[in-house]
file input_11.txt (compact mmCIF, C-alpha atoms)
# COMPACT_ATOMS: atom_id res chain seq x y z
CA MET A 1 -2.42 -33.25 -22.90
CA SER A 2 -2.54 -29.47 -22.59
CA PRO A 3 0.29 -27.82 -20.63
CA ALA A 4 -0.45 -26.69 -17.09
CA ALA A 5 -1.48 -23.07 -16.76
CA PRO A 6 1.33 -20.85 -15.50
CA PRO A 7 1.01 -19.68 -11.91
CA PRO A 8 -0.52 -16.22 -11.51
CA PRO A 9 2.03 -13.39 -11.34
CA ARG A 10 3.18 -12.46 -7.85
CA VAL A 11 4.65 -9.21 -6.59
CA TYR A 12 5.96 -8.22 -3.15
CA GLY A 13 6.76 -4.78 -1.83
CA THR A 14 5.39 -1.85 0.18
CA TRP A 15 2.45 0.45 -0.32
CA PRO A 16 2.57 4.20 0.47
CA GLY A 17 3.39 4.68 4.12
CA GLY A 18 5.49 1.51 4.17
CA MET A 19 2.60 -0.97 4.38
CA PRO A 20 3.93 -4.38 3.25
CA PHE A 21 1.99 -6.11 0.49
CA LEU A 22 1.83 -9.35 -1.46
CA ALA A 23 -0.05 -9.30 -4.78
CA VAL A 24 -1.14 -12.26 -6.86
CA GLY A 25 -3.44 -12.85 -9.83
CA SER A 26 -4.98 -10.50 -12.36
CA GLY A 27 -8.32 -8.80 -12.76
CA PRO A 28 -10.35 -6.37 -10.62
CA PRO A 29 -8.61 -5.55 -7.33
CA LEU A 30 -9.45 -7.30 -4.07
CA VAL A 31 -7.74 -6.04 -0.91
CA PHE A 32 -7.15 -8.65 1.80
CA LEU A 33 -6.51 -7.49 5.38
CA PRO A 34 -4.84 -10.30 7.38
CA GLY A 35 -5.23 -11.33 10.98
CA ILE A 36 -2.80 -10.43 13.71
CA THR A 37 0.90 -10.92 12.95
CA PRO A 38 3.94 -10.73 15.27
CA ASN A 39 5.35 -7.83 13.26
CA HIS A 40 4.40 -5.62 10.31
CA GLU A 41 7.35 -6.50 8.11
CA LEU A 42 7.12 -8.01 4.63
CA PRO A 43 6.72 -11.79 5.04
CA THR A 44 9.54 -13.98 3.78
CA GLY A 45 10.18 -17.69 3.26
CA ALA A 46 7.57 -20.09 4.58
CA ASP A 47 5.46 -17.25 6.00
CA ARG A 48 5.27 -15.61 2.57
CA ARG A 49 4.23 -18.88 0.97
CA LEU A 50 1.58 -19.44 3.64
CA GLN A 51 0.15 -15.95 3.28
CA THR A 52 0.15 -16.19 -0.51
CA ARG A 53 -1.54 -19.60 -0.51
CA GLN A 54 -4.68 -18.23 1.12
CA LEU A 55 -5.00 -15.68 -1.69
CA LEU A 56 -4.82 -18.14 -4.59
CA PRO A 57 -8.52 -19.15 -4.59
CA TYR A 58 -9.40 -15.54 -5.41
CA ALA A 59 -6.57 -15.00 -7.89
CA GLY A 60 -8.21 -16.76 -10.83
CA SER A 61 -10.31 -13.69 -11.55
CA ARG A 62 -8.87 -11.03 -9.24
CA ARG A 63 -5.70 -9.11 -8.54
CA VAL A 64 -5.51 -9.86 -4.82
CA TRP A 65 -3.58 -7.49 -2.58
CA TRP A 66 -2.59 -8.82 0.86
CA VAL A 67 -1.74 -5.66 2.81
CA ASN A 68 -0.60 -5.60 6.43
CA ARG A 69 -0.57 -2.73 8.87
CA ARG A 70 2.35 -0.35 8.52
CA PRO A 71 5.42 -0.88 10.72
CA GLY A 72 6.28 1.63 13.40
CA LEU A 73 2.76 2.42 14.59
CA ASP A 74 2.37 5.11 17.22
CA PRO A 75 2.10 3.19 20.53
CA ASP A 76 -1.23 4.95 21.15
CA ALA A 77 -2.66 4.19 17.70
CA THR A 78 -6.35 3.31 17.63
CA MET A 79 -8.24 1.14 15.17
CA ALA A 80 -9.36 4.36 13.48
CA ASP A 81 -5.71 5.39 13.02
CA ILE A 82 -4.87 2.01 11.50
CA ALA A 83 -7.88 2.18 9.18
CA ALA A 84 -6.84 5.68 8.09
CA ASP A 85 -3.48 4.30 6.97
CA TYR A 86 -5.30 1.85 4.71
CA ALA A 87 -7.66 4.52 3.37
CA ASN A 88 -4.83 6.88 2.49
CA ALA A 89 -2.86 4.13 0.74
CA MET A 90 -5.91 2.82 -1.14
CA LEU A 91 -6.81 6.29 -2.38
CA ARG A 92 -3.31 6.55 -3.85
CA ARG A 93 -3.34 3.01 -5.29
CA PHE A 94 -6.86 2.85 -6.78
CA ASP A 95 -9.05 5.38 -8.56
CA GLU A 96 -12.36 3.84 -7.45
CA PRO A 97 -13.80 1.84 -4.53
CA VAL A 98 -12.57 -1.76 -4.31
CA ASP A 99 -13.72 -4.98 -2.68
CA VAL A 100 -12.20 -5.72 0.73
CA VAL A 101 -11.87 -8.97 2.70
CA GLY A 102 -10.82 -8.67 6.35
CA GLU A 103 -9.99 -11.71 8.46
CA SER A 104 -9.90 -11.75 12.28
CA THR A 105 -8.01 -8.60 13.36
CA GLY A 106 -8.06 -7.57 9.71
CA GLY A 107 -11.84 -7.82 9.91
CA SER A 108 -11.91 -5.33 12.78
CA VAL A 109 -9.79 -2.94 10.71
CA ALA A 110 -12.02 -3.49 7.67
CA LEU A 111 -15.18 -2.60 9.62
CA GLN A 112 -13.53 0.60 10.86
CA LEU A 113 -12.33 1.35 7.32
CA ALA A 114 -15.82 0.96 5.85
CA ALA A 115 -17.41 3.11 8.58
CA ASP A 116 -14.83 5.92 8.46
CA HIS A 117 -13.91 5.87 4.76
CA PRO A 118 -16.88 4.56 2.75
CA ALA A 119 -15.52 6.00 -0.49
CA VAL A 120 -12.77 3.36 -0.68
CA VAL A 121 -14.85 0.20 -0.05
CA LYS A 122 -17.12 -1.35 -2.70
CA ARG A 123 -18.06 -4.69 -1.13
CA LEU A 124 -16.95 -5.94 2.26
CA VAL A 125 -16.39 -9.47 3.58
CA ILE A 126 -15.73 -9.84 7.31
CA VAL A 127 -14.31 -13.24 8.32
CA SER A 128 -14.19 -14.33 11.97
CA ALA A 129 -14.59 -10.78 13.27
CA ALA A 130 -17.35 -8.58 14.69
CA TYR A 131 -17.91 -5.02 15.91
CA ARG A 132 -15.93 -5.91 19.06
CA LEU A 133 -14.13 -8.83 20.63
CA GLY A 134 -15.96 -11.02 23.10
CA GLU A 135 -14.81 -10.77 26.71
CA GLU A 136 -12.84 -14.02 26.51
CA GLY A 137 -11.22 -12.83 23.28
CA ARG A 138 -10.13 -9.56 24.85
CA GLU A 139 -8.69 -11.31 27.90
CA SER A 140 -6.87 -13.86 25.76
CA GLN A 141 -5.22 -11.30 23.49
CA LEU A 142 -4.06 -9.26 26.47
CA ASN A 143 -2.62 -12.45 27.99
CA VAL A 144 -0.72 -13.06 24.74
CA ALA A 145 0.71 -9.54 24.86
CA ASP A 146 1.77 -9.96 28.50
CA ASP A 147 3.41 -13.31 27.76
CA VAL A 148 5.39 -11.88 24.86
CA LEU A 149 6.50 -8.84 26.87
CA ASP A 150 7.53 -11.08 29.78
CA GLY A 151 9.61 -13.36 27.55
CA ARG A 152 7.22 -16.33 27.50
CA PRO A 153 6.75 -16.95 23.76
CA ARG A 154 5.69 -20.58 24.23
CA ALA A 155 2.93 -19.55 26.63
CA ALA A 156 1.86 -16.83 24.18
CA GLY A 157 1.76 -19.32 21.32
CA ALA A 158 -0.22 -21.84 23.35
CA GLU A 159 -2.80 -19.23 24.39
CA LEU A 160 -3.20 -17.79 20.90
CA MET A 161 -3.62 -21.17 19.23
CA ARG A 162 -5.88 -22.55 21.98
CA MET A 163 -8.42 -19.84 21.23
CA THR A 164 -8.65 -20.82 17.56
CA GLY A 165 -10.11 -24.26 18.32
CA ALA A 166 -13.80 -25.15 18.28
CA GLY A 167 -14.00 -27.58 21.21
CA ALA A 168 -12.06 -28.87 24.18
CA GLY A 169 -10.16 -31.50 22.19
CA SER A 170 -9.09 -29.22 19.34
CA LYS A 171 -8.18 -26.47 21.79
CA ARG A 172 -5.84 -28.81 23.69
CA LEU A 173 -4.20 -29.99 20.48
CA LEU A 174 -3.79 -26.49 19.09
CA ALA A 175 -2.40 -25.24 22.41
CA VAL A 176 0.31 -27.92 22.22
CA LEU A 177 1.16 -26.87 18.66
CA GLY A 178 1.25 -23.24 19.74
CA TRP A 179 3.59 -24.08 22.62
CA LEU A 180 5.92 -25.99 20.26
CA PHE A 181 6.11 -23.21 17.67
CA GLY A 182 5.67 -20.18 19.93
CA THR A 183 9.37 -19.42 20.18
CA VAL A 184 9.72 -19.38 16.40
CA TYR A 185 6.50 -17.45 15.76
CA PHE A 186 7.24 -14.67 18.25
CA ALA A 187 11.01 -14.56 17.67
CA ARG A 188 10.65 -11.36 15.63
CA ALA A 189 7.72 -9.83 17.48
CA THR A 190 7.82 -6.03 17.63
CA ALA A 191 5.99 -3.29 19.51
CA ASP A 192 3.48 -3.18 16.63
CA LEU A 193 2.00 -6.44 17.91
CA MET A 194 1.29 -4.88 21.30
CA THR A 195 -0.10 -1.71 19.71
CA THR A 196 -2.47 -3.70 17.50
CA ILE A 197 -3.68 -5.82 20.43
CA ARG A 198 -4.35 -2.69 22.52
CA ALA A 199 -6.18 -1.07 19.60
CA GLU A 200 -8.39 -4.11 19.12
CA ASP A 201 -9.01 -4.40 22.86
CA ALA A 202 -10.49 -0.88 22.81
CA PHE A 203 -12.31 -1.40 19.49
CA ASP A 204 -16.13 -1.23 19.68
CA LEU A 205 -17.95 -0.14 16.53
CA GLN A 206 -21.50 -1.00 17.56
CA THR A 207 -22.80 2.56 17.36
CA ARG A 208 -21.10 3.09 13.99
CA LEU A 209 -22.36 0.03 12.12
CA ALA A 210 -25.14 2.08 10.51
CA ASP A 211 -22.43 4.20 8.86
CA ILE A 212 -21.31 1.22 6.77
CA VAL A 213 -23.07 1.55 3.42
CA SER A 214 -21.21 -1.14 1.48
CA PRO A 215 -22.89 -4.51 0.93
CA THR A 216 -21.31 -6.60 3.68
CA LEU A 217 -21.05 -10.33 4.31
CA VAL A 218 -20.15 -11.40 7.86
CA ILE A 219 -18.90 -14.99 8.14
CA GLY A 220 -18.31 -16.66 11.49
CA GLY A 221 -18.35 -19.95 13.33
CA ASP A 222 -20.80 -20.40 16.19
CA ARG A 223 -18.02 -21.86 18.36
CA ASP A 224 -15.53 -19.02 17.83
CA ALA A 225 -13.88 -18.42 21.23
CA PHE A 226 -12.85 -14.86 20.34
CA TYR A 227 -16.41 -13.81 19.52
CA SER A 228 -19.87 -15.42 19.72
CA ALA A 229 -22.75 -16.19 17.41
CA ASP A 230 -24.63 -13.24 18.91
CA LEU A 231 -21.80 -10.81 18.14
CA PHE A 232 -21.70 -12.01 14.52
CA ARG A 233 -25.49 -11.61 14.23
CA GLN A 234 -25.48 -8.16 15.80
CA THR A 235 -22.74 -7.03 13.43
CA ALA A 236 -24.60 -8.17 10.32
CA ASP A 237 -27.93 -6.83 11.62
CA GLY A 238 -26.42 -3.41 12.38
CA ILE A 239 -25.27 -2.90 8.79
CA SER A 240 -28.08 -1.86 6.46
CA ARG A 241 -26.89 -4.11 3.65
CA GLY A 242 -25.42 -6.77 5.90
CA GLU A 243 -25.73 -10.54 5.54
CA LEU A 244 -24.57 -13.33 7.85
CA ALA A 245 -23.22 -16.79 7.09
CA LEU A 246 -22.91 -18.65 10.40
CA TYR A 247 -21.25 -22.08 10.32
CA PRO A 248 -22.30 -24.46 13.11
CA GLY A 249 -19.50 -26.27 14.91
CA ARG A 250 -16.75 -24.05 13.53
CA GLY A 251 -14.25 -22.16 15.65
CA HIS A 252 -12.02 -19.21 14.81
CA LEU A 253 -9.59 -21.23 12.72
CA GLY A 254 -12.10 -23.57 11.11
CA THR A 255 -14.40 -20.94 9.60
CA ALA A 256 -12.19 -20.17 6.59
CA LEU A 257 -11.50 -23.91 6.14
CA ASP A 258 -15.18 -24.81 5.88
CA PRO A 259 -16.15 -26.11 2.40
CA ARG A 260 -18.95 -23.53 2.27
CA PHE A 261 -16.58 -20.62 2.83
CA LEU A 262 -15.13 -19.98 -0.63
CA PRO A 263 -18.42 -20.46 -2.52
CA ASP A 264 -20.11 -18.03 -0.14
CA VAL A 265 -17.37 -15.41 -0.52
CA LEU A 266 -17.01 -15.74 -4.28
CA SER A 267 -20.75 -15.61 -4.95
CA PHE A 268 -21.02 -12.51 -2.77
CA LEU A 269 -18.14 -10.70 -4.45
CA ASP A 270 -19.25 -11.66 -7.95
CA PRO A 271 -23.01 -12.22 -7.76
CA PRO A 272 -24.75 -14.09 -10.58
CA ASP A 273 -26.81 -11.00 -11.32
CA SER A 274 -24.51 -8.77 -13.35
CA ALA A 275 -26.17 -5.72 -11.83
CA GLY A 276 -25.08 -6.97 -8.41
CA SER A 277 -28.32 -5.98 -6.74
CA PRO A 278 -29.33 -7.86 -3.58
CA ALA A 279 -32.77 -8.56 -5.08
CA GLY A 280 -31.28 -10.22 -8.13
CA ARG A 281 -29.17 -12.89 -6.45
CA LEU A 282 -29.30 -15.57 -3.81
CA GLU A 283 -27.82 -14.75 -0.45
CA PRO A 284 -24.75 -16.74 0.62
CA GLY A 285 -25.80 -20.20 1.63
CA ALA A 286 -29.42 -19.68 0.58
CA ASP A 287 -31.73 -22.55 1.58
CA ARG A 288 -29.33 -23.69 4.34
CA ASP A 289 -30.63 -23.71 7.89
CA ASP A 290 -27.18 -22.82 9.27
CA VAL A 291 -27.00 -19.51 7.45
CA THR A 292 -28.94 -16.55 8.80
CA ARG A 293 -29.40 -12.96 7.78
call {"tool": "encode", "arguments": {"input": "input_11.txt", "output": "structure tokens"}}
result
Amino acid sequence: MSPAAPPPPRVYGTWPGGMPFLAVGSGPPLVFLPGITPNHELPTGADRRLQTRQLLPYAGSRRVWWVNRRPGLDPDATMADIAADYANAMLRRFDEPVDVVGESTGGSVALQLAADHPAVVKRLVIVSAAYRLGEEGRESQLNVADDVLDGRPRAAGAELMRMTGAGAGSKRLLAVLGWLFGTVYFARATADLMTTIRAEDAFDLQTRLADIVSPTLVIGGDRDAFYSADLFRQTADGISRGELALYPGRGHLGTALDPRFLPDVLSFLDPPDSAGSPAGRLEPGADRDDVTR
């Protein structure tokens, strides 16, 4: 019996500008922009293990860099300001464009990054995000910010988790879990959380989608409470080299847990055609009725 392969090497630290990172695996770089976090400090303990675990599926052939927003954002920072931080750090870290995956709030930042700084992005995967939040998503995130500021972490946790469900039953269950763990989750919340929520509330990139030149895959669930199927479609359609994988019955949380998710992402990032041309490969989820372009 052959010995088990050693785990991929892991490194933790900060990028230029103080942006916290986790790195795992080896190979061509892949930058992962995470969803909203209560603070912009380097994760530790169980949070570090959780954040690292979601990178492992990519780490077999990639050096995956999980990079959060920098701590100490200007209270008036916009999504463009946050994206500029990433661009400046990536230009110092890499000597060529790299693939980028952005999830939820990280997806909003990634869209802004690709529109404002096309020279740093090679391929782009947007997960559970669109060119703007839906109205319910905006209202919910502002409610979370108000609850945290008013000292109601359980209410904030319940609201945040409720929105990640796909239906009434899962939303009730997730709201209970959010209420139970809200005090722990928001115990170390900082002003950066409020700044990021305000920046995403004002974020609307619809008129800039045509500026994104990178091949882009938008993945979303048609029951995502933060967005909508139409917002996902409009985002993919507005990007000249955009594609959409839309998963029926999936909410905000369930999209990345769908069994189709990793095959779609991996085949997009490393297409079967070595030239990587759209004409030489199948689109994500080809021949599936639930995937549209």
call {"tool": "residues_around", "arguments": {"input": "input_11.txt", "residues": "Ala156 of chain A", "least_positions_apart": "2", "cutoff": "6 Å", "atoms": "all atoms listed in the file", "output": "MDAnalysis selection string"}}
result
chainID A and resid 144 147 153:154 158:159
call {"tool": "residues_around", "arguments": {"input": "input_11.txt", "residues": "segment 63-80 of chain A", "least_positions_apart": "4", "cutoff": "7 Å", "atoms": "all atoms listed in the file", "output": "MDAnalysis selection string"}}
result
chainID A and resid 17:34 40:41 55 58:59 84 109 112 192 195 199:200 203
call {"tool": "residues_near_point", "arguments": {"input": "input_11.txt", "point": "(9.3, -12.3, 23.7)", "cutoff": "6 Å", "atoms": "all atoms listed in the file", "output": "ChimeraX atom specification"}}
result
/A:148-149,151-153
call {"tool": "closest_residue", "arguments": {"input": "input_11.txt", "among": "A:Leu50, A:Leu142, A:Ala175, A:Ala189", "to": "Asp201 of chain A", "atoms": "all atoms listed in the file"}}
result
A:Leu142
call {"tool": "atom_distance", "arguments": {"input": "input_11.txt", "atom1": "atom CA of Val121 of chain A", "atom2": "atom CA of Arg260 of chain A"}}
result
24.2 Å
call {"tool": "atom_distance", "arguments": {"input": "input_11.txt", "atom1": "atom CA of Val218 of chain A", "atom2": "atom CA of Val125 of chain A"}}
result
6.0 Å
call {"tool": "axis_aligned_box", "arguments": {"input": "input_11.txt", "around": "segment 259-262 of chain A", "padding_each_side": "3 Å", "output": "lines of an AutoDock Vina configuration file"}}
result
center_x = -17.0
center_y = -23.0
center_z = 1.1
size_x = 9.8
size_y = 12.1
size_z = 9.5
call {"tool": "atom_distance", "arguments": {"input": "input_11.txt", "atom1": "atom CA of Gly60 of chain A", "atom2": "atom CA of Val213 of chain A"}}
result
27.6 Å
call {"tool": "residues_around", "arguments": {"input": "input_11.txt", "residues": "Ala256 of chain A", "least_positions_apart": "3", "cutoff": "9 Å", "atoms": "all atoms listed in the file", "output": "PDB file with C-alpha atoms, keeping the file's coordinate frame"}}
result
ATOM      1  CA  GLU A 103      -9.990 -11.710   8.460  1.00  0.00           C
ATOM      2  CA  VAL A 127     -14.310 -13.240   8.320  1.00  0.00           C
ATOM      3  CA  SER A 128     -14.190 -14.330  11.970  1.00  0.00           C
ATOM      4  CA  ILE A 219     -18.900 -14.990   8.140  1.00  0.00           C
ATOM      5  CA  GLY A 220     -18.310 -16.660  11.490  1.00  0.00           C
ATOM      6  CA  HIS A 252     -12.020 -19.210  14.810  1.00  0.00           C
ATOM      7  CA  LEU A 253      -9.590 -21.230  12.720  1.00  0.00           C
ATOM      8  CA  PRO A 259     -16.150 -26.110   2.400  1.00  0.00           C
ATOM      9  CA  ARG A 260     -18.950 -23.530   2.270  1.00  0.00           C
ATOM     10  CA  PHE A 261     -16.580 -20.620   2.830  1.00  0.00           C
ATOM     11  CA  LEU A 262     -15.130 -19.980  -0.630  1.00  0.00           C
TER      12      LEU A 262
END
call {"tool": "residues_around", "arguments": {"input": "input_11.txt", "residues": "segment 229-243 of chain A", "least_positions_apart": "5", "cutoff": "9 Å", "atoms": "all atoms listed in the file", "output": "compact mmCIF listing (two decimals) with C-alpha atoms, keeping the file's coordinate frame"}}
result
# COMPACT_ATOMS: atom_id res chain seq x y z
CA SER A 128 -14.19 -14.33 11.97
CA ALA A 129 -14.59 -10.78 13.27
CA ALA A 130 -17.35 -8.58 14.69
CA TYR A 131 -17.91 -5.02 15.91
CA ARG A 132 -15.93 -5.91 19.06
CA LEU A 133 -14.13 -8.83 20.63
CA GLY A 134 -15.96 -11.02 23.10
CA LEU A 205 -17.95 -0.14 16.53
CA GLN A 206 -21.50 -1.00 17.56
CA THR A 207 -22.80 2.56 17.36
CA ARG A 208 -21.10 3.09 13.99
CA LEU A 209 -22.36 0.03 12.12
CA ALA A 210 -25.14 2.08 10.51
CA ASP A 211 -22.43 4.20 8.86
CA ILE A 212 -21.31 1.22 6.77
CA VAL A 213 -23.07 1.55 3.42
CA SER A 214 -21.21 -1.14 1.48
CA PRO A 215 -22.89 -4.51 0.93
CA THR A 216 -21.31 -6.60 3.68
CA LEU A 217 -21.05 -10.33 4.31
CA VAL A 218 -20.15 -11.40 7.86
CA ILE A 219 -18.90 -14.99 8.14
CA GLY A 220 -18.31 -16.66 11.49
CA GLY A 221 -18.35 -19.95 13.33
CA ASP A 222 -20.80 -20.40 16.19
CA ARG A 223 -18.02 -21.86 18.36
CA ASP A 224 -15.53 -19.02 17.83
CA PRO A 278 -29.33 -7.86 -3.58
CA GLU A 283 -27.82 -14.75 -0.45
CA PRO A 284 -24.75 -16.74 0.62
CA THR A 292 -28.94 -16.55 8.80
CA ARG A 293 -29.40 -12.96 7.78
call {"tool": "closest_residue", "arguments": {"input": "input_11.txt", "among": "A:Phe226, A:Asp116, A:Ala202, A:Lys122", "to": "Met161 of chain A", "atoms": "all atoms listed in the file"}}
result
A:Phe226
call {"tool": "residues_around", "arguments": {"input": "input_11.txt", "residues": "Ala89 of chain A", "least_positions_apart": "3", "cutoff": "6 Å", "atoms": "all atoms listed in the file", "output": "compact mmCIF listing (two decimals) with C-alpha atoms, in the coordinates of the input"}}
result
# COMPACT_ATOMS: atom_id res chain seq x y z
CA PRO A 16 2.57 4.20 0.47
CA TYR A 86 -5.30 1.85 4.71
CA ARG A 92 -3.31 6.55 -3.85
call {"tool": "closest_residue", "arguments": {"input": "input_11.txt", "among": "A:Gly35, A:Thr52, A:Asp270, A:Gly157", "to": "Trp179 of chain A", "atoms": "only C-alpha atoms"}}
result
A:Gly157
call {"tool": "residues_near_point", "arguments": {"input": "input_11.txt", "point": "(-20.0, -28.1, 14.2)", "cutoff": "10 Å", "atoms": "only C-alpha atoms", "output": "ChimeraX atom specification"}}
result
/A:166-167,221-223,247-251,254
call {"tool": "decode", "arguments": {"input": "input_11.txt", "residues": "segment 125-134 of chain A", "atoms": "all heavy atoms", "output": "short mmCIF file (atom, residue, chain, number, x, y, z; two decimals), in the first residue's frame"}}
result
data_model
loop_
_atom_site.label_atom_id
_atom_site.label_comp_id
_atom_site.auth_asym_id
_atom_site.auth_seq_id
_atom_site.Cartn_x
_atom_site.Cartn_y
_atom_site.Cartn_z
N VAL A 125 -13.68 33.94 -12.36
CA VAL A 125 -14.84 33.15 -11.95
C VAL A 125 -15.57 33.93 -10.86
O VAL A 125 -14.98 34.27 -9.83
CB VAL A 125 -14.44 31.76 -11.42
CG1 VAL A 125 -15.68 30.98 -10.97
CG2 VAL A 125 -13.69 30.97 -12.50
N ILE A 126 -16.84 34.21 -11.10
CA ILE A 126 -17.66 34.97 -10.16
C ILE A 126 -18.69 34.00 -9.57
O ILE A 126 -19.52 33.44 -10.30
CB ILE A 126 -18.38 36.13 -10.85
CG1 ILE A 126 -17.36 37.08 -11.51
CG2 ILE A 126 -19.26 36.89 -9.86
CD1 ILE A 126 -16.40 37.72 -10.54
N VAL A 127 -18.65 33.81 -8.26
CA VAL A 127 -19.52 32.84 -7.59
C VAL A 127 -20.51 33.58 -6.69
O VAL A 127 -20.11 34.33 -5.79
CB VAL A 127 -18.68 31.85 -6.74
CG1 VAL A 127 -19.60 30.81 -6.11
CG2 VAL A 127 -17.61 31.20 -7.59
N SER A 128 -21.80 33.38 -6.93
CA SER A 128 -22.84 33.97 -6.10
C SER A 128 -22.65 35.48 -5.96
O SER A 128 -22.70 36.05 -4.87
CB SER A 128 -22.86 33.31 -4.71
OG SER A 128 -23.14 31.93 -4.82
N ALA A 129 -22.45 36.14 -7.10
CA ALA A 129 -22.31 37.59 -7.12
C ALA A 129 -22.72 38.08 -8.51
O ALA A 129 -22.72 37.32 -9.47
CB ALA A 129 -20.89 38.03 -6.79
N ALA A 130 -23.05 39.37 -8.60
CA ALA A 130 -23.46 39.97 -9.85
C ALA A 130 -23.02 41.42 -9.86
O ALA A 130 -22.33 41.88 -8.94
CB ALA A 130 -24.98 39.85 -10.03
N TYR A 131 -23.41 42.15 -10.91
CA TYR A 131 -22.93 43.53 -11.05
C TYR A 131 -23.49 44.44 -9.96
O TYR A 131 -22.98 45.54 -9.74
CB TYR A 131 -23.25 44.08 -12.43
CG TYR A 131 -24.72 44.32 -12.72
CD1 TYR A 131 -25.36 45.48 -12.29
CD2 TYR A 131 -25.46 43.39 -13.44
CE1 TYR A 131 -26.71 45.71 -12.56
CE2 TYR A 131 -26.80 43.60 -13.72
CZ TYR A 131 -27.42 44.76 -13.27
OH TYR A 131 -28.75 44.97 -13.54
N ARG A 132 -24.54 44.01 -9.26
CA ARG A 132 -25.02 44.72 -8.07
C ARG A 132 -25.83 43.74 -7.23
O ARG A 132 -26.25 42.68 -7.72
CB ARG A 132 -25.90 45.92 -8.44
CG ARG A 132 -27.24 45.55 -9.09
CD ARG A 132 -28.16 46.76 -9.15
NE ARG A 132 -29.39 46.50 -9.88
CZ ARG A 132 -30.48 45.93 -9.35
NH1 ARG A 132 -30.47 45.53 -8.08
NH2 ARG A 132 -31.57 45.73 -10.08
N LEU A 133 -26.04 44.10 -5.98
CA LEU A 133 -26.93 43.32 -5.13
C LEU A 133 -28.38 43.53 -5.55
O LEU A 133 -28.74 44.59 -6.07
CB LEU A 133 -26.78 43.77 -3.67
CG LEU A 133 -25.58 43.27 -2.88
CD1 LEU A 133 -25.41 44.11 -1.61
CD2 LEU A 133 -25.74 41.80 -2.52
N GLY A 134 -29.22 42.53 -5.31
CA GLY A 134 -30.64 42.72 -5.44
C GLY A 134 -31.15 43.61 -4.30
O GLY A 134 -30.44 43.83 -3.31
#
